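Source file: coords-v2.cif. Holds: mmCIF, C-alpha atoms.
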data_structure
loop_
_atom_site.label_atom_id
_atom_site.label_comp_id
_atom_site.auth_asym_id
_atom_site.auth_seq_id
_atom_site.Cartn_x
_atom_site.Cartn_y
_atom_site.Cartn_z
CA MET A 1 -10.29 -4.01 -22.12
CA LEU A 2 -9.09 -7.36 -20.78
CA ARG A 3 -7.21 -7.04 -17.50
CA ARG A 4 -4.14 -8.89 -18.80
CA ASN A 5 -3.83 -6.47 -21.72
CA PHE A 6 -4.37 -3.47 -19.45
CA VAL A 7 -1.62 -4.64 -17.10
CA ARG A 8 0.81 -5.12 -19.98
CA SER A 9 0.14 -1.62 -21.30
CA THR A 10 0.63 -0.01 -17.89
CA LEU A 11 3.56 -2.04 -16.57
CA GLY A 12 5.95 0.92 -16.61
CA LEU A 13 3.52 3.10 -14.67
CA ALA A 14 2.89 0.29 -12.20
CA GLY A 15 6.58 -0.14 -11.54
CA ALA A 16 6.97 3.56 -10.84
CA ALA A 17 3.99 3.50 -8.51
CA ILE A 18 5.36 0.57 -6.54
CA ALA A 19 8.72 2.29 -6.21
CA ALA A 20 6.87 5.24 -4.74
CA GLY A 21 5.21 3.00 -2.17
CA ASP A 22 1.71 2.80 -3.71
CA ALA A 23 0.54 -0.76 -3.14
CA PHE A 24 -2.52 -0.47 -5.34
CA ALA A 25 -1.64 1.48 -8.49
CA ALA A 26 -0.28 -1.74 -10.01
CA ALA A 27 -3.76 -3.25 -9.96
CA PRO A 28 -6.07 -0.47 -11.16
CA MET A 29 -8.91 -2.89 -11.85
CA ALA A 30 -8.68 -4.75 -8.53
CA LYS A 31 -12.05 -5.32 -6.93
CA ASN A 32 -10.83 -4.21 -3.50
CA LYS A 33 -8.53 -1.35 -2.52
CA PHE A 34 -7.01 -2.42 0.77
CA LYS A 35 -5.18 0.01 3.05
CA LEU A 36 -2.61 -2.61 4.07
CA LYS A 37 -0.63 -5.00 1.88
CA TYR A 38 -2.05 -8.48 2.51
CA ALA A 39 -0.12 -11.52 1.26
CA SER A 40 -2.12 -14.63 0.43
CA HIS A 41 -0.88 -18.18 -0.13
CA PHE A 42 -1.15 -20.64 -2.98
CA GLY A 43 -4.18 -22.86 -2.45
CA MET A 44 -6.14 -20.20 -0.59
CA PHE A 45 -8.27 -19.41 -3.67
CA GLN A 46 -7.90 -22.54 -5.77
CA ASN A 47 -11.65 -23.21 -5.90
CA SER A 48 -12.14 -19.81 -7.50
CA ALA A 49 -8.96 -19.63 -9.60
CA GLY A 50 -8.12 -23.28 -10.28
CA LYS A 51 -5.00 -25.21 -9.35
CA ASP A 52 -2.61 -23.48 -11.73
CA LEU A 53 -0.31 -21.24 -9.68
CA ILE A 54 -0.17 -18.46 -12.28
CA ASP A 55 -3.96 -18.33 -12.45
CA GLN A 56 -4.05 -18.12 -8.67
CA LEU A 57 -1.68 -15.15 -8.74
CA LYS A 58 -3.93 -13.38 -11.24
CA PHE A 59 -6.95 -14.00 -9.02
CA MET A 60 -5.13 -12.66 -5.95
CA ALA A 61 -4.22 -9.46 -7.79
CA ASP A 62 -7.74 -9.11 -9.16
CA GLN A 63 -9.06 -9.22 -5.59
CA GLY A 64 -6.54 -6.64 -4.39
CA PHE A 65 -4.12 -8.97 -2.58
CA MET A 66 -0.88 -7.52 -3.90
CA ALA A 67 1.65 -9.74 -2.11
CA LEU A 68 2.36 -13.46 -1.82
CA GLU A 69 3.77 -15.70 0.88
CA ASP A 70 5.09 -19.14 0.04
CA ASN A 71 6.69 -20.99 2.94
CA GLY A 72 7.88 -23.80 0.68
CA MET A 73 9.40 -21.62 -2.05
CA MET A 74 12.91 -22.99 -1.42
CA GLY A 75 11.68 -26.48 -2.30
CA ARG A 76 10.16 -25.51 -5.65
CA PRO A 77 11.98 -26.25 -8.93
CA VAL A 78 14.00 -23.32 -10.23
CA GLU A 79 11.87 -22.99 -13.35
CA GLN A 80 8.73 -22.74 -11.22
CA GLN A 81 10.32 -20.10 -8.99
CA GLU A 82 11.24 -18.10 -12.08
CA ALA A 83 7.74 -18.40 -13.56
CA ILE A 84 6.15 -17.24 -10.30
CA ALA A 85 8.53 -14.27 -10.06
CA LYS A 86 7.93 -13.28 -13.67
CA GLU A 87 4.15 -13.25 -13.25
CA MET A 88 4.32 -11.40 -9.94
CA SER A 89 6.47 -8.74 -11.56
CA ARG A 90 3.97 -8.40 -14.39
CA LEU A 91 1.11 -8.04 -11.93
CA GLY A 92 2.98 -5.62 -9.66
CA MET A 93 2.88 -8.04 -6.71
CA GLU A 94 5.46 -8.15 -3.92
CA MET A 95 7.04 -11.29 -2.51
CA GLY A 96 6.64 -11.89 1.20
CA VAL A 97 8.36 -14.50 3.32
CA PHE A 98 9.52 -17.97 2.51
CA VAL A 99 11.03 -20.31 5.11
CA VAL A 100 14.78 -20.88 5.37
CA ASP A 101 15.29 -24.62 5.09
CA LYS A 102 17.04 -25.87 8.24
CA GLY A 103 14.79 -28.84 8.95
CA GLY A 104 11.50 -28.65 10.84
CA ASN A 105 10.63 -25.88 13.28
CA GLY A 106 12.07 -27.79 16.23
CA ALA A 107 14.95 -29.48 14.44
CA ASN A 108 18.67 -28.67 14.46
CA THR A 109 18.21 -26.23 17.30
CA LEU A 110 20.53 -23.26 17.42
CA ALA A 111 20.12 -23.19 21.21
CA ALA A 112 22.38 -26.26 21.46
CA GLY A 113 25.37 -24.46 19.97
CA LYS A 114 26.36 -27.59 18.04
CA LYS A 115 28.49 -27.05 14.96
CA GLU A 116 26.52 -29.51 12.83
CA TYR A 117 23.25 -27.70 13.56
CA ILE A 118 24.75 -24.27 12.92
CA ASP A 119 26.24 -25.48 9.63
CA ILE A 120 22.81 -26.68 8.48
CA PHE A 121 21.36 -23.27 9.30
CA LEU A 122 24.15 -21.33 7.58
CA ASN A 123 23.91 -23.51 4.47
CA GLY A 124 20.19 -22.79 4.46
CA CYS A 125 20.92 -19.07 4.57
CA LYS A 126 23.32 -19.34 1.62
CA LYS A 127 20.76 -21.21 -0.46
CA ALA A 128 18.09 -18.73 0.60
CA VAL A 129 20.13 -15.87 -0.90
CA GLU A 130 19.93 -17.49 -4.33
CA VAL A 131 16.20 -18.17 -4.00
CA ALA A 132 15.55 -14.62 -2.79
CA LYS A 133 17.34 -13.17 -5.80
CA ARG A 134 15.38 -15.43 -8.12
CA VAL A 135 11.95 -14.52 -6.74
CA ASN A 136 12.63 -10.88 -5.76
CA ALA A 137 12.19 -11.59 -2.04
CA LYS A 138 13.54 -9.60 0.89
CA TRP A 139 12.30 -11.54 3.93
CA MET A 140 12.72 -15.14 5.00
CA THR A 141 11.39 -16.87 8.11
CA VAL A 142 13.74 -18.46 10.65
CA VAL A 143 12.69 -20.57 13.63
CA PRO A 144 15.70 -21.31 15.89
CA GLY A 145 14.42 -24.72 17.02
CA ASP A 146 13.63 -26.40 20.34
CA PHE A 147 15.02 -25.73 23.80
CA GLU A 148 18.24 -27.55 24.69
CA ARG A 149 16.98 -28.24 28.20
CA ASN A 150 20.24 -29.53 29.66
CA LEU A 151 21.75 -26.04 29.26
CA PRO A 152 20.99 -22.85 31.24
CA ILE A 153 18.60 -20.53 29.41
CA GLY A 154 21.18 -17.74 29.21
CA VAL A 155 23.67 -20.06 27.52
CA GLN A 156 21.00 -21.19 25.06
CA THR A 157 20.17 -17.56 24.28
CA GLY A 158 23.86 -16.81 23.72
CA HIS A 159 24.14 -19.73 21.31
CA VAL A 160 21.10 -18.52 19.34
CA ILE A 161 22.47 -14.98 19.12
CA ASP A 162 25.87 -16.22 17.95
CA ALA A 163 24.32 -18.37 15.20
CA LEU A 164 22.00 -15.61 14.04
CA ARG A 165 24.89 -13.15 13.84
CA ARG A 166 26.61 -15.54 11.45
CA GLY A 167 23.44 -15.90 9.43
CA SER A 168 23.09 -12.12 9.27
CA GLU A 169 26.61 -11.84 7.89
CA ILE A 170 25.47 -13.96 4.95
CA LEU A 171 22.25 -12.03 4.32
CA GLU A 172 23.23 -8.44 5.05
CA PRO A 173 25.42 -7.81 1.96
CA HIS A 174 22.40 -8.71 -0.18
CA GLY A 175 19.92 -6.48 1.66
CA LEU A 176 17.97 -9.52 2.91
CA VAL A 177 16.26 -9.93 6.27
CA MET A 178 15.60 -13.05 8.29
CA VAL A 179 12.55 -12.58 10.45
CA LEU A 180 12.45 -14.63 13.64
CA GLU A 181 9.08 -16.13 14.41
CA PRO A 182 8.07 -17.00 17.98
CA LEU A 183 5.54 -19.83 17.82
CA SER A 184 2.82 -21.43 19.92
CA ASP A 185 2.87 -24.86 18.27
CA SER A 186 4.74 -26.58 21.08
CA PRO A 187 6.11 -25.58 24.52
CA ASN A 188 9.36 -27.24 23.43
CA LEU A 189 10.13 -24.44 20.98
CA PHE A 190 12.82 -22.05 22.21
CA LEU A 191 11.33 -18.87 20.76
CA ARG A 192 7.96 -18.19 22.37
CA THR A 193 7.27 -14.50 22.97
CA SER A 194 7.78 -11.14 21.30
CA ASP A 195 9.89 -9.66 24.13
CA GLN A 196 12.25 -12.66 24.01
CA THR A 197 12.57 -12.22 20.25
CA TYR A 198 13.15 -8.49 20.72
CA GLU A 199 15.98 -9.22 23.17
CA ILE A 200 17.62 -11.62 20.71
CA CYS A 201 17.33 -9.19 17.79
CA ARG A 202 18.92 -6.46 19.89
CA GLY A 203 21.69 -8.89 20.79
CA VAL A 204 22.32 -9.83 17.15
CA ASN A 205 22.30 -6.10 16.31
CA SER A 206 21.87 -6.45 12.55
CA LYS A 207 19.38 -4.96 10.11
CA SER A 208 19.17 -8.48 8.68
CA CYS A 209 17.68 -10.00 11.86
CA LYS A 210 14.22 -8.78 12.85
CA ILE A 211 10.90 -9.99 14.27
CA LEU A 212 8.08 -11.72 12.45
CA TYR A 213 5.12 -10.88 14.67
CA ASP A 214 2.52 -13.58 14.02
CA ILE A 215 -0.63 -12.23 15.63
CA TYR A 216 -2.24 -15.67 15.95
CA HIS A 217 0.71 -17.20 17.78
CA MET A 218 1.20 -14.18 20.00
CA GLN A 219 -2.47 -14.10 21.01
CA LYS A 220 -2.03 -17.66 22.26
CA ASN A 221 1.31 -17.12 23.98
CA GLU A 222 1.13 -13.62 25.45
CA GLY A 223 -2.01 -11.61 24.53
CA ARG A 224 -2.02 -7.80 24.97
CA LEU A 225 -1.38 -7.63 21.24
CA ILE A 226 -1.27 -3.89 20.60
CA TYR A 227 0.72 -3.30 23.78
CA ASN A 228 3.33 -5.91 22.81
CA ILE A 229 3.47 -4.70 19.21
CA ASP A 230 4.14 -1.22 20.58
CA GLN A 231 6.88 -2.44 22.93
CA THR A 232 8.73 -4.41 20.24
CA TRP A 233 7.87 -2.18 17.26
CA SER A 234 11.42 -1.09 16.45
CA GLU A 235 12.47 -4.68 15.76
CA ILE A 236 9.34 -5.83 13.86
CA ASP A 237 9.77 -6.13 10.11
CA TYR A 238 6.85 -8.36 9.18
CA PHE A 239 3.39 -9.40 10.40
CA GLN A 240 1.32 -12.52 9.94
CA ILE A 241 -2.39 -12.99 10.48
CA GLY A 242 -4.69 -15.69 11.84
CA ASP A 243 -7.64 -15.57 14.20
CA GLU A 244 -7.81 -17.49 17.48
CA PRO A 245 -9.16 -20.05 18.09
CA GLY A 246 -8.87 -21.98 14.85
CA ARG A 247 -6.20 -20.07 12.89
CA LYS A 248 -8.63 -18.95 10.21
CA GLU A 249 -9.31 -15.55 8.63
CA PRO A 250 -10.12 -12.42 10.69
CA THR A 251 -13.67 -12.16 12.10
CA THR A 252 -13.85 -15.92 12.79
CA GLY A 253 -12.37 -15.74 16.31
CA GLU A 254 -11.76 -13.45 19.26
CA ILE A 255 -9.12 -11.05 17.90
CA ASN A 256 -10.25 -7.53 17.04
CA TYR A 257 -8.34 -7.30 13.78
CA LYS A 258 -9.91 -4.03 12.72
CA ASN A 259 -8.32 -2.31 15.74
CA ILE A 260 -4.97 -4.02 15.23
CA PHE A 261 -4.87 -3.19 11.52
CA LYS A 262 -5.71 0.42 12.30
CA TYR A 263 -2.91 0.64 14.86
CA ILE A 264 -0.36 -0.81 12.42
CA TYR A 265 -1.58 1.40 9.57
CA ASP A 266 -1.64 4.61 11.57
CA ARG A 267 1.77 4.13 13.12
CA SER A 268 3.50 2.90 9.96
CA LYS A 269 1.99 5.78 7.97
CA LYS A 270 3.25 8.27 10.55
CA GLU A 271 6.76 6.79 10.48
CA GLY A 272 6.94 6.18 6.72
CA LYS A 273 7.10 2.40 7.11
CA SER A 274 5.35 -0.29 5.13
CA PHE A 275 4.61 -3.86 6.17
CA ILE A 276 3.50 -6.97 4.36
CA MET A 277 0.71 -8.66 6.29
CA GLY A 278 0.97 -12.40 5.68
CA MET A 279 -2.32 -14.30 5.55
CA GLU A 280 -0.91 -17.41 7.22
CA HIS A 281 -4.15 -19.15 8.09
CA GLY A 282 -6.73 -21.55 6.74
CA ASN A 283 -10.17 -20.83 5.33
CA TYR A 284 -12.99 -21.07 7.87
CA LYS A 285 -15.40 -22.50 5.30
CA GLN A 286 -14.65 -24.92 2.49
CA GLY A 287 -14.96 -24.40 -1.25
CA LYS A 288 -15.65 -21.25 -3.23
CA GLU A 289 -18.11 -20.11 -0.55
CA GLY A 290 -15.28 -20.12 1.97
CA GLU A 291 -13.03 -18.15 -0.36
CA ASP A 292 -15.72 -15.52 -0.90
CA ALA A 293 -16.21 -15.31 2.87
CA LEU A 294 -12.47 -14.87 3.39
CA ILE A 295 -12.35 -11.94 0.97
CA LYS A 296 -15.34 -10.33 2.70
CA ALA A 297 -13.61 -10.79 6.06
CA TYR A 298 -10.59 -8.81 4.84
CA VAL A 299 -12.77 -6.13 3.35
CA GLU A 300 -14.52 -5.78 6.71
CA SER A 301 -11.34 -5.86 8.81
CA ASP A 302 -9.61 -3.36 6.52
CA SER A 303 -12.53 -0.92 6.73
CA PHE A 304 -11.18 0.97 9.72
CA THR A 305 -11.39 4.76 9.68
CA ILE A 306 -8.20 6.60 8.80
#

In structure tokens, write the structure found in this file.
Amino acid sequence: MLRRNFVRSTLGLAGAAIAAGDAFAAAPMAKNKFKLKYASHFGMFQNSAGKDLIDQLKFMADQGFMALEDNGMMGRPVEQQEAIAKEMSRLGMEMGVFVVDKGGNGANTLAAGKKEYIDIFLNGCKKAVEVAKRVNAKWMTVVPGDFERNLPIGVQTGHVIDALRRGSEILEPHGLVMVLEPLSDSPNLFLRTSDQTYEICRGVNSKSCKILYDIYHMQKNEGRLIYNIDQTWSEIDYFQIGDEPGRKEPTTGEINYKNIFKYIYDRSKKEGKSFIMGMEHGNYKQGKEGEDALIKAYVESDSFTI
């Protein structure tokens, strides 16, 4: 039986399985049965699947990657957003993060406390609600911006908390969550470490403001990955993946992803939680060979003992 016909005939069963928390029952013919829910990006498998986005989604599901991240989703035409959401629903895939449009990572910094910057952020949150509804998303990435270095750090932190509280007021009625991402791209960025992000989330005190723990960025900025994940666990709502150095797939750098995946799996299973693990990295090798190697890297890293 062709996979597309099989999926159509079992769509009702797949929906029930997803509601019950089974990440894999929606893709019974997937080549790989991963323990964690990995979210790939458009373009990651285009040499194998072609450039058409729907074909890429089918390939992802066929390989067992049952979630999608798309940072630029807010910038896509409405009809394309709807087509992506429709196909993901058919395949039983879950939508991961997209980025709230407030300008670049360092732009319109919330640390400054300026009304014009806050208004840009809040307008981005309002637009993000409509996009999230359209594509069945729950999480969206927020980066507060650069330091405002002429202000004391405590004042900057207060400004960020105030702005994020207002953003949470927009998102919370819709059951949406902005996940704050500390980054390593530049020392000018205000949000740099997991404990700082934890402090801010506790200050905002909303279920709509949590941590996006990007393992690549946090390896660069703070290390002690499992320790810091443990310390900030209660505020983490989302993970992203990338090896260091190079920001490519697991097994290409120094991070022991098998151990980290096992820790996340064991603890989330014990507590009845479920995370999407965003594959926010490049491919170590080019072409179809690189895509095959990437899949093998996830198979290997996900092969930890339960």

Restrict the calculation to only C-alpha atoms, then for each residue of range 35-87 of chain A with any atom at most 12 Å from an atom of range 295-305 of chain A give the closest atom pair and their distance in Å to one decimal, rows by chain and rising residue number, as CSV.
residue,atom,partner,partner_atom,distance
A:Lys35,CA,A:Asp302,CA,6.6
A:Leu36,CA,A:Asp302,CA,7.5
A:Lys37,CA,A:Asp302,CA,10.2
A:Tyr38,CA,A:Tyr298,CA,8.9
A:Ala39,CA,A:Tyr298,CA,11.4
A:Ser40,CA,A:Ile295,CA,10.6
A:Met44,CA,A:Ile295,CA,10.5
A:Phe45,CA,A:Ile295,CA,9.7
A:Ser48,CA,A:Ile295,CA,11.6
A:Phe59,CA,A:Ile295,CA,11.5
A:Met60,CA,A:Ile295,CA,10.0
A:Asp62,CA,A:Ile295,CA,11.5
A:Gln63,CA,A:Ile295,CA,7.8
A:Gly64,CA,A:Ile295,CA,9.5
A:Phe65,CA,A:Ile295,CA,9.4

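Shortest separation to Gly253 in chain A among A:Gln156, A:Gln219, A:Asn188, A:Asp55 occurs at residue A:Gln219, atoms counted being all atoms listed in the file.
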
Exactly which residues make up the result of the PyMOL selection byres ((chain A and resi 181) around 6) on this file, given as an mmCIF file with C-alpha atoms, in the frame of the given file?
data_model
loop_
_atom_site.group_PDB
_atom_site.id
_atom_site.type_symbol
_atom_site.label_atom_id
_atom_site.label_comp_id
_atom_site.auth_asym_id
_atom_site.auth_seq_id
_atom_site.Cartn_x
_atom_site.Cartn_y
_atom_site.Cartn_z
ATOM 1 C CA VAL A 143 12.690 -20.570 13.630
ATOM 2 C CA LEU A 180 12.450 -14.630 13.640
ATOM 3 C CA PRO A 182 8.070 -17.000 17.980
ATOM 4 C CA LEU A 212 8.080 -11.720 12.450
#

Review point. Interatomic distance between CA of Glu291 in chain A and CA of Glu244 in chain A?
Key: 18.6 Å

Check your understanding: Could you work out how far CA of Val97 in chain A lies from CA of Glu79 in chain A, giving the answer in Å with one decimal?
Key -> 19.0 Å

Exercise for review: Check which residues satisfy the PyMOL selection byres ((chain A and resi 110-121) around 6) in the file shown, then give them as a list in words.
Suggested key: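 The output of the PyMOL selection byres ((chain A and resi 110-121) around 6) on this file is Lys102, Asn108, Thr109, Leu122, Asn123, Gly124, Pro144, Glu148, Gln156, His159 and Val160 of chain A.
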
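With distances restricted to only C-alpha atoms, A:Val135 is the closest residue to Ala83 in chain A from A:Cys201, A:Ala163, A:Val135, A:Met140.
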
Review point. Mind telling me what the PyMOL selection byres ((chain A and resi 197) around 10) catches here, as a PyMOL selection string?
Key: chain A and resi 179-182+191-196+198-203+210-213+232+235-236

Check your understanding: Quick one: of A:Arg165, A:Lys51, A:Glu172, A:Met95, who's nearest to Asn205 in chain A, counting all atoms listed in the file?
Key ->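 Using all atoms listed in the file, Asn205 in chain A sits closest to A:Arg165.
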
Review point. What gap, in Å, lies between CA of Ala107 in chain A and CA of Phe147 in chain A?
Key: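 A separation of 10.1 Å between them.
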
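Across A:Ala61, A:Ile54, A:Leu171, A:Val129, the tightest approach to Lys86 in chain A is made by A:Ile54 when counting only C-alpha atoms.
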
Revision key, fill the gap. Counting only C-alpha atoms, closest pick from A:Leu57, A:Ala293, A:Ile306, A:Val99 relative to Phe261 in chain A is A:Ile306

Exercise for review: Kindly indicate which residue among A:Gly50, A:Gly96, A:Val142, A:Ile260 lies nearest to Asn228 in chain A, using all atoms listed in the file for the distances.
Suggested key: A:Ile260

Practice item. Go ahead and find all residues with at least one atom no further than 12 Å from (8.9, -21.4, -3.4) in the file's coordinates, using all atoms listed in the file; report them as JSON, numbers by chain. Key: {"A": [41, 42, 53, 68, 69, 70, 71, 72, 73, 74, 75, 76, 77, 78, 79, 80, 81, 82, 83, 84, 85, 95, 96, 97, 98, 99, 100, 101, 128, 130, 131, 132, 134, 135, 136, 137, 140]}
